[in-house]
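Visitor: This is the structure, below, for whatever I ask next.
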Amino acid sequence: MRVLVTSLLFPLPTNVARGTFVSDHVEILQKLGHDVKVVNPLPRMLRYQESSRSTHTGVAKAPKRFNHGDVDVFSPRFWGLPGHPLPVLTSFSIKGKLRSIERWLGDWRPDLIICHTVWPVAELANHLSHKWRIPWIGVVHGHDFDVGISDKNISKPILRLTKSANHLVTVSKRLYKIAEEVGIEKFSVIPCHNAVLGEWKKPMKNIGGRWRKESLDILFPSDPRRPEKNHLLALQTGEELEKRGWIVGITTLRQQPRSIVWDRMLVADLTLITSKRESGPLVARESIQCGTPVVSVDVGDVASYLPEFCISSDYDPNSLADACEAALKNDWSAGLELPEQFNFESVSKQWEKLIESLVE
C-alpha cells in the first residue's frame with residue numbers, strides 16, 4: 001500500500017533530533033511493507049527566528065527535497081505568523097501547496113494519508129484527502145489538545161480538522177479522554193513504541209546502597225530552552241540534593257542524534273523529568289531500556305510503569321529530591337519491565353489493523 005505521511009515535525013539534515021517519533025512511525029509502516037513518502041511543510045522564517053524554539057533549529061535553510069534514511073521527503077514552505085493570529089492565512093497558504101506536492105509525487109498517488117500533529121498540517125491532509133478521494137488518519141501527540149484546543153485563534157480549526165479525519169489516533173489515554181470530551185466519534189489509542197536499538201539495551205543498574213557524599217550524574221533529557229520542560233525545577237532539585245550532601249552534576253540534551261542521547265542515558269545515574277506536559281514521555285522509556293532509573297513528576301503515562309517511589313505528585317524540589325534518593329536506595333537487580341503495549345510488535349499490529357479497516 002502507498003502511504004503519504006504529513007507532519008509539521010520530521011528530522012532535518014541539520015537537526016536529526018527533530019520529530020523522531022514521526023520517523024519511528026515511518027519505520028513501522030515500512031516494515032509492514034508499505035511504500036511511504038513524507039511531506040513535511042515548514043514555516044518560512046529567517047535564521048535568527050530559529051532560536052524561538054528548539055524544534056525550529058535547521059528550518060530556515062532546510063532543503064526543499066531530501067532523503068532521511070531511505071525515505072523521500074518534500075518540505076514546501078508556508079506562511080504562518082507566530083501564535084497564528086490569522087489562522088485563515090495559514091490555512092490558505094498550506095493548502096496552496098497541493099500542486100507542488102503533486103509535481104513532486106509525479107505518477108505516485110497514495111492510498112492513505114497519515115497526518116502527525118493537527119494544526120496546521122492537517123489542513124493539507126484534509127485537502128489532499130478530498131482531492132484524491134482517499135481516507136486520512138490524524139495523530140495527536142499532545143500540543144494540539146494540551147495547548148491548541150484552548151487557544152482562541154486555533155481551537156476551532158483544530159476541532160474541525162480532528163472531526164473531519166476518517167479516524168483519529170491519540171498516543172496516550174489522557175489524550176484519548178480529551179478526544180472523548182470534545183465529541184470526536186472515531187478515535188483510538190496507539191502509543192509510540194520503544195525504539196532503543198539492541199546495542200544500547202541494558203539491564204537496570206543495581207545502584208542500591210549508594211548514599212550521599214558521592215557524585216551523582218543526573219540527566220535532564222530535554223532542551224532547557226523549551227519552557228514546558230521546566231528546566232528550572234530540575235536545577236532546584238539538584239540544589240536540594242546538594243544541600244543533603246550529594247555532589248550533583250546535571251547534563252542536558254539539545255539536538256543530538258539518538259545514538260548520543262542513548263549513550264548519555266547509559267552513563268547517567270538517574271534521568272530526571274520535570275515537564276509541565278507530556279504525552280509519553282518517550283525519553284522515560286528509553287532511559288529504562290538503557291538501564292537507567294527514572295524519577296519524574298506525575299506527567300504523561302509514567303505512572304503506568306514507574307514505581308510509586310520514583311514519582312513526585314508535586315512540582316516541588318524537596319519531593320523530587322526524596323524520589324531521587326528513593327530510586328538510589330532501591331535494589332534494581334530484578335529490573336523493570338515496560339508494559340507490552342509499548343513494544344514494536346504490539347504497536348505495529350495496532351497500526352496494521354487500523355489501516356486495513358480503512359483501506360480495503
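Residue names in the C-alpha cells use chain letters A, B, ... in the order shown, residue numbers from 1 in each chain, and ligand numbers from 1 in the order shown.
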May I have all residues of segment 257-352 of chain A that DSSP, computed from the backbone, assigns to strand (DSSP E or B), given as an MDAnalysis selection string?
Guide: chainID A and resid 270:273 294:297 311:312
Visitor: Any chance you could export the current selection's N, CA, C and O atoms as a PDB file, in the first residue's frame?
Guide:
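Result went into selection-v7.pdb, see below:
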ATOM      1  N   LEU A 270      20.800   8.771  37.088  1.00  0.00           N
ATOM      2  CA  LEU A 270      19.347   8.957  37.109  1.00  0.00           C
ATOM      3  C   LEU A 270      18.931   9.823  35.934  1.00  0.00           C
ATOM      4  O   LEU A 270      19.681  10.702  35.501  1.00  0.00           O
ATOM      5  N   THR A 271      17.733   9.599  35.433  1.00  0.00           N
ATOM      6  CA  THR A 271      17.105  10.504  34.472  1.00  0.00           C
ATOM      7  C   THR A 271      15.983  11.231  35.196  1.00  0.00           C
ATOM      8  O   THR A 271      15.148  10.601  35.849  1.00  0.00           O
ATOM      9  N   LEU A 272      15.982  12.550  35.105  1.00  0.00           N
ATOM     10  CA  LEU A 272      15.021  13.368  35.844  1.00  0.00           C
ATOM     11  C   LEU A 272      14.096  14.097  34.872  1.00  0.00           C
ATOM     12  O   LEU A 272      14.552  14.836  33.997  1.00  0.00           O
ATOM     13  N   ILE A 273      12.783  13.892  35.043  1.00  0.00           N
ATOM     14  CA  ILE A 273      11.784  14.505  34.171  1.00  0.00           C
ATOM     15  C   ILE A 273      10.904  15.441  35.001  1.00  0.00           C
ATOM     16  O   ILE A 273      10.278  15.020  35.979  1.00  0.00           O
ATOM     17  N   VAL A 294      14.512   6.165  36.363  1.00  0.00           N
ATOM     18  CA  VAL A 294      13.871   7.436  36.035  1.00  0.00           C
ATOM     19  C   VAL A 294      13.125   7.966  37.252  1.00  0.00           C
ATOM     20  O   VAL A 294      12.406   7.222  37.925  1.00  0.00           O
ATOM     21  N   VAL A 295      13.289   9.246  37.525  1.00  0.00           N
ATOM     22  CA  VAL A 295      12.496   9.951  38.532  1.00  0.00           C
ATOM     23  C   VAL A 295      11.717  11.034  37.793  1.00  0.00           C
ATOM     24  O   VAL A 295      12.281  11.750  36.963  1.00  0.00           O
ATOM     25  N   SER A 296      10.436  11.133  38.095  1.00  0.00           N
ATOM     26  CA  SER A 296       9.603  12.035  37.299  1.00  0.00           C
ATOM     27  C   SER A 296       8.479  12.626  38.125  1.00  0.00           C
ATOM     28  O   SER A 296       8.034  12.044  39.127  1.00  0.00           O
ATOM     29  N   VAL A 297       8.013  13.790  37.703  1.00  0.00           N
ATOM     30  CA  VAL A 297       6.734  14.296  38.190  1.00  0.00           C
ATOM     31  C   VAL A 297       5.649  13.429  37.559  1.00  0.00           C
ATOM     32  O   VAL A 297       5.896  12.695  36.602  1.00  0.00           O
ATOM     33  N   ILE A 311       8.018   8.606  41.535  1.00  0.00           N
ATOM     34  CA  ILE A 311       7.134   9.656  41.011  1.00  0.00           C
ATOM     35  C   ILE A 311       6.803  10.663  42.093  1.00  0.00           C
ATOM     36  O   ILE A 311       6.445  10.296  43.225  1.00  0.00           O
ATOM     37  N   SER A 312       6.930  11.928  41.761  1.00  0.00           N
ATOM     38  CA  SER A 312       6.531  13.006  42.660  1.00  0.00           C
ATOM     39  C   SER A 312       5.200  13.567  42.189  1.00  0.00           C
ATOM     40  O   SER A 312       5.063  13.966  41.029  1.00  0.00           O
TER      41      SER A 312
END
Visitor: Of the residues A:Ser188, A:Asn318, A:Thr274, A:Gln341, which is the one nearest to Asp298 of chain A, using only C-alpha atoms?
Guide: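 Of A:Ser188, A:Asn318, A:Thr274, A:Gln341, the one nearest Asp298 of chain A, counting only C-alpha atoms, is A:Thr274.
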Visitor: So that I can check the secondary structure, give me every residue of segment 139-267 of chain A assigned helix (DSSP H, G or I) by backbone DSSP, as an NGL selection string.
Guide: :A and (143-146 or 148-150 or 155-164 or 173-181 or 198-200 or 227-229 or 231-243 or 258-267)
Visitor: Please provide as a list of chain:residue names all residues within 9 Å of segment 225-234 of chain A, with the sequence filter that same-chain residues fewer than 3 positions apart are discarded (counting only C-alpha atoms).
Guide: A:Ser51, A:Ser52, A:Arg53, A:Ser54, A:Phe220, A:Ser222, A:Thr237, A:Gly238, A:Glu239, A:Ile250, A:Arg254, A:Leu272, A:Ile273, A:Thr274, A:Ser275, A:Lys276, A:Arg277, A:Glu278, A:Tyr315, A:Asp316, A:Pro317, A:Leu320
Visitor: Taking 2 positions as the minimum chain separation for residues in the same chain, which residues sit within 12 Å of Asn153 of chain A when counting only C-alpha atoms? Answer as number ranges by chain.
Guide: A: 81-90, 119-120, 147-151, 155-159
Visitor: Taking only C-alpha atoms into account, name the residue in A:Leu235, A:Val22, A:Leu358, A:Ile134 that is nearest to Val5 of chain A.
Guide: A:Val22
